[in-house]
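I have placed the structure first, in the form of structure tokens, so that the comments after it can refer back to it.
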Amino acid sequence: MEERVALVTGAYGSIGNAIACGLARLPDMKVVLLGRDKEKLEQASLSIKNNTGNPSVETEVVDVSSKHQIISLKNRWQGPLHILVNNAATTPRERTLSSDGVEMQWATNVMGYFWMMYYMKEHLKYQKDSRIVNVASYWAGGLDLDDVEFSKRTYNNDTAYRQSKQANRMLSVFFSKQSKAFKISVNACHPGDVNSKLSNALGFGGHESAEQAAETPLWLATNAGLQGTSGNYYEHRLPKKCQFADDRYKIQSLYNLCMDYTV
């Protein structure tokens with residue numbers, strides 16, 4: 001079989017690591033782990049290699065809150081890309097800024113997804129059965145396009161997180177339509193409820209293992225029966241009606257806003 005290449009962001013977090021490990025267990029799969037901490041990436045890579053017996057696990061040190069670092073990744077990437085899993089997320093309790101001066105949740109959880117799709121589609125397009133999986137959440141809503149960075153509103157990390165996950169789901173719809181010509185499938189999902197650093201920062205625990213939470217993203221990334229399926233939102237491997245998917249005006253406005261951060 002021809003080798004397929006998968007790229008997972010936030011790959012040393014609980015769910016990201018489980019997704020990457022699940023991908024690495026598949027035959028003829030090369031997995032690239034992406035994150036901003038080199039030491040944690042190397043530890044995750046070694047662990048996945050040992051657990052799966054797959055030597056084709058590589059790392060890329062990239063902070064997805066930085067447009068310039070993602071552009072640099074796009075420029076140095078060699079060869080095809082078949083699967084992109086956007087999973088990296090953060091939810092600091094206090095309002096903080098990225099290196100580019102953008103509110104950190106918006107920069108990481110939204111623009112990181114946007115820039116990875118926008119720039120890496122050059123490597124995804126025209127591949128056989130290329131897919132983008134956006135790890136979103138059912139914990140979504142409250143998107144305020146007039147104040148996405150909480151410059152006017154009082155910052156609350158839960159509110160910021162929920163609006164970022166709404167944006168992920170809406171951008172998945174936009175890119176699914178935009179990418180039809182490139183034969184790239186784009187879907188979003190809720191992964192599962194895991195007791196993790198991120199869930200703890202939001203004041204939650206979790207009742208599922210990381211492996212259970214990774215099941216739906218992995219299924220969307222690899223299930224042969226989903227080839228060509230695009231523009232949907234899933235929970236527990238089941239399609240769910242997304243209440244944000246039909247607002248074409250707001251989806252277009254969100255895309256336009258994200259482009260303002262891009263060009």
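Ligands are numbered from 1 in the order shown, chains are lettered A, B, ... in the order of the structure tokens, and residues start at 1 in each chain.
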Contacts of A:Tyr234 at 7 Å or less, counting only C-alpha atoms, minus same-chain residues fewer than 3 places along, as a short mmCIF file (atom, residue, chain, number, x, y, z; two decimals) with N, CA and C atoms, in the first residue's frame?
```
data_model
loop_
_atom_site.label_atom_id
_atom_site.label_comp_id
_atom_site.auth_asym_id
_atom_site.auth_seq_id
_atom_site.Cartn_x
_atom_site.Cartn_y
_atom_site.Cartn_z
N ALA A 188 -16.08 18.18 11.28
CA ALA A 188 -15.80 18.56 12.66
C ALA A 188 -16.45 17.54 13.60
N CYS A 189 -15.95 17.50 14.83
CA CYS A 189 -16.51 16.54 15.78
C CYS A 189 -16.30 17.00 17.21
N HIS A 190 -17.09 16.43 18.10
CA HIS A 190 -16.84 16.49 19.54
C HIS A 190 -16.08 15.22 19.87
N ARG A 237 -19.27 9.24 16.76
CA ARG A 237 -19.30 8.63 15.43
C ARG A 237 -20.68 8.70 14.78
N LEU A 238 -21.51 9.62 15.24
CA LEU A 238 -22.83 9.81 14.65
C LEU A 238 -22.96 11.25 14.18
N PRO A 239 -23.52 11.46 12.97
CA PRO A 239 -23.74 12.83 12.50
C PRO A 239 -24.80 13.51 13.35
N LYS A 240 -24.54 14.76 13.72
CA LYS A 240 -25.47 15.55 14.51
C LYS A 240 -25.78 16.84 13.78
#
```
Test item: residues at most 10 Å from A:Asn134, only C-alpha atoms, excluding those fewer than 5 positions along its chain, as an NGL selection string: :A and (84-88 or 113-114 or 117 or 165 or 168-169 or 171-172 or 186-191 or 217 or 220-221 or 233)
Would you save the residues from that selection as a PDB file, in the first residue's frame, using C-alpha atoms?
```pdb
ATOM      1  CA  LEU A  84      -4.784  16.942   8.890  1.00  0.00           C
ATOM      2  CA  VAL A  85      -6.206  16.726  12.410  1.00  0.00           C
ATOM      3  CA  ASN A  86      -6.647  20.161  13.979  1.00  0.00           C
ATOM      4  CA  ASN A  87      -6.711  19.427  17.682  1.00  0.00           C
ATOM      5  CA  ALA A  88      -4.518  22.009  19.473  1.00  0.00           C
ATOM      6  CA  TYR A 113      -7.272  25.860  12.782  1.00  0.00           C
ATOM      7  CA  PHE A 114      -7.917  28.436  10.094  1.00  0.00           C
ATOM      8  CA  MET A 117      -6.408  24.632   6.713  1.00  0.00           C
ATOM      9  CA  LYS A 165     -15.539  25.833  19.288  1.00  0.00           C
ATOM     10  CA  ASN A 168     -14.363  25.691  14.508  1.00  0.00           C
ATOM     11  CA  ARG A 169     -17.669  24.135  13.492  1.00  0.00           C
ATOM     12  CA  LEU A 171     -15.225  27.183   9.557  1.00  0.00           C
ATOM     13  CA  SER A 172     -15.475  23.455   8.878  1.00  0.00           C
ATOM     14  CA  VAL A 186     -13.591  18.597   5.951  1.00  0.00           C
ATOM     15  CA  ASN A 187     -15.553  17.507   9.016  1.00  0.00           C
ATOM     16  CA  ALA A 188     -15.803  18.559  12.665  1.00  0.00           C
ATOM     17  CA  CYS A 189     -16.513  16.543  15.776  1.00  0.00           C
ATOM     18  CA  HIS A 190     -16.837  16.488  19.536  1.00  0.00           C
ATOM     19  CA  PRO A 191     -14.097  14.111  20.716  1.00  0.00           C
ATOM     20  CA  PRO A 217     -11.604  11.903  15.251  1.00  0.00           C
ATOM     21  CA  LEU A 220     -13.371  10.527  10.609  1.00  0.00           C
ATOM     22  CA  ALA A 221      -9.725  10.518   9.571  1.00  0.00           C
ATOM     23  CA  TYR A 233     -20.486  17.556  12.563  1.00  0.00           C
TER      24      TYR A 233
END
```
Contact residues around A:Val8 with only C-alpha atoms at 10 Å, ignoring same-chain residues under 6 positions, as a PyMOL selection string: chain A and resi 16-17+19-20+23+31-35+59-60+83-88+133
Limited to N, CA and C atoms, could you put the picked residues into a file as a PDB file, in the first residue's frame?
```
ATOM      1  N   GLY A  16      -4.887  14.546  21.707  1.00  0.00           N
ATOM      2  CA  GLY A  16      -4.013  14.588  20.539  1.00  0.00           C
ATOM      3  C   GLY A  16      -3.049  13.420  20.494  1.00  0.00           C
ATOM      4  N   ASN A  17      -2.498  13.067  21.650  1.00  0.00           N
ATOM      5  CA  ASN A  17      -1.575  11.942  21.720  1.00  0.00           C
ATOM      6  C   ASN A  17      -2.290  10.634  21.388  1.00  0.00           C
ATOM      7  N   ILE A  19      -4.960  10.314  19.493  1.00  0.00           N
ATOM      8  CA  ILE A  19      -5.248  10.328  18.056  1.00  0.00           C
ATOM      9  C   ILE A  19      -4.005   9.927  17.272  1.00  0.00           C
ATOM     10  N   ALA A  20      -2.876  10.533  17.614  1.00  0.00           N
ATOM     11  CA  ALA A  20      -1.630  10.248  16.906  1.00  0.00           C
ATOM     12  C   ALA A  20      -1.236   8.787  17.068  1.00  0.00           C
ATOM     13  N   LEU A  23      -3.450   6.600  14.879  1.00  0.00           N
ATOM     14  CA  LEU A  23      -3.040   6.694  13.477  1.00  0.00           C
ATOM     15  C   LEU A  23      -1.775   5.878  13.226  1.00  0.00           C
ATOM     16  N   VAL A  31       3.133   9.469  10.680  1.00  0.00           N
ATOM     17  CA  VAL A  31       2.448  10.431  11.534  1.00  0.00           C
ATOM     18  C   VAL A  31       3.425  11.527  11.951  1.00  0.00           C
ATOM     19  N   VAL A  32       3.003  12.766  11.761  1.00  0.00           N
ATOM     20  CA  VAL A  32       3.810  13.919  12.156  1.00  0.00           C
ATOM     21  C   VAL A  32       3.120  14.602  13.330  1.00  0.00           C
ATOM     22  N   LEU A  33       3.833  14.694  14.441  1.00  0.00           N
ATOM     23  CA  LEU A  33       3.316  15.319  15.652  1.00  0.00           C
ATOM     24  C   LEU A  33       3.707  16.789  15.655  1.00  0.00           C
ATOM     25  N   LEU A  34       2.737  17.650  15.907  1.00  0.00           N
ATOM     26  CA  LEU A  34       2.994  19.087  15.876  1.00  0.00           C
ATOM     27  C   LEU A  34       2.641  19.706  17.223  1.00  0.00           C
ATOM     28  N   GLY A  35       3.542  20.517  17.737  1.00  0.00           N
ATOM     29  CA  GLY A  35       3.315  21.228  18.985  1.00  0.00           C
ATOM     30  C   GLY A  35       4.406  22.264  19.178  1.00  0.00           C
ATOM     31  N   THR A  59       8.328  14.778  14.177  1.00  0.00           N
ATOM     32  CA  THR A  59       7.854  15.934  14.938  1.00  0.00           C
ATOM     33  C   THR A  59       8.109  17.226  14.178  1.00  0.00           C
ATOM     34  N   GLU A  60       7.260  18.199  14.435  1.00  0.00           N
ATOM     35  CA  GLU A  60       7.426  19.559  13.923  1.00  0.00           C
ATOM     36  C   GLU A  60       7.124  20.527  15.059  1.00  0.00           C
ATOM     37  N   ILE A  83      -3.885  13.554   5.685  1.00  0.00           N
ATOM     38  CA  ILE A  83      -4.789  13.748   6.820  1.00  0.00           C
ATOM     39  C   ILE A  83      -4.256  14.879   7.692  1.00  0.00           C
ATOM     40  N   LEU A  84      -5.102  15.867   7.950  1.00  0.00           N
ATOM     41  CA  LEU A  84      -4.784  16.942   8.890  1.00  0.00           C
ATOM     42  C   LEU A  84      -5.807  16.895  10.017  1.00  0.00           C
ATOM     43  N   VAL A  85      -5.328  16.690  11.237  1.00  0.00           N
ATOM     44  CA  VAL A  85      -6.206  16.726  12.410  1.00  0.00           C
ATOM     45  C   VAL A  85      -5.874  17.985  13.205  1.00  0.00           C
ATOM     46  N   ASN A  86      -6.786  18.944  13.178  1.00  0.00           N
ATOM     47  CA  ASN A  86      -6.647  20.161  13.979  1.00  0.00           C
ATOM     48  C   ASN A  86      -7.199  19.883  15.365  1.00  0.00           C
ATOM     49  N   ASN A  87      -6.314  19.808  16.333  1.00  0.00           N
ATOM     50  CA  ASN A  87      -6.711  19.427  17.682  1.00  0.00           C
ATOM     51  C   ASN A  87      -6.194  20.386  18.749  1.00  0.00           C
ATOM     52  N   ALA A  88      -5.144  21.148  18.463  1.00  0.00           N
ATOM     53  CA  ALA A  88      -4.518  22.009  19.473  1.00  0.00           C
ATOM     54  C   ALA A  88      -5.503  23.036  20.016  1.00  0.00           C
ATOM     55  N   VAL A 133      -9.837  16.908   9.742  1.00  0.00           N
ATOM     56  CA  VAL A 133     -10.718  16.665  10.889  1.00  0.00           C
ATOM     57  C   VAL A 133     -10.476  17.774  11.897  1.00  0.00           C
TER      58      VAL A 133
END
```
Who sits within 7 Å of A:Thr52, only C-alpha atoms, same chain under 2 positions skipped, as a list in words: Ala24, Arg25, Ile48, Lys49, Asn50 and Asn54 of chain A
DSSP-assigned alpha helix (DSSP H) members of stretch 50-120 of chain A, reported as an MDAnalysis selection string: chainID A and resid 50:52 67:76 104:105 112:120
Nearest to A:Gly203 by atom-to-atom distance, counting only C-alpha atoms, from A:Met29, A:Ser137, A:Asn157, A:Arg36: A:Asn157
Between atom CA of A:Cys242 and atom CA of A:Ala213 - distance in Å to one decimal: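 Straight-line distance from atom CA of A:Ala213 to atom CA of A:Cys242 works out to 19.4 Å.
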Nearest-residue call for A:Phe174, choices A:Lys241, A:Arg248, A:His68, A:Lys40, using only C-alpha atoms: A:Arg248
From A:Leu202, A:Val110, A:Ala89, A:Val263, residue lying nearest A:Gly13 [only C-alpha atoms]: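 Closest to A:Gly13 of all the choices is A:Ala89.
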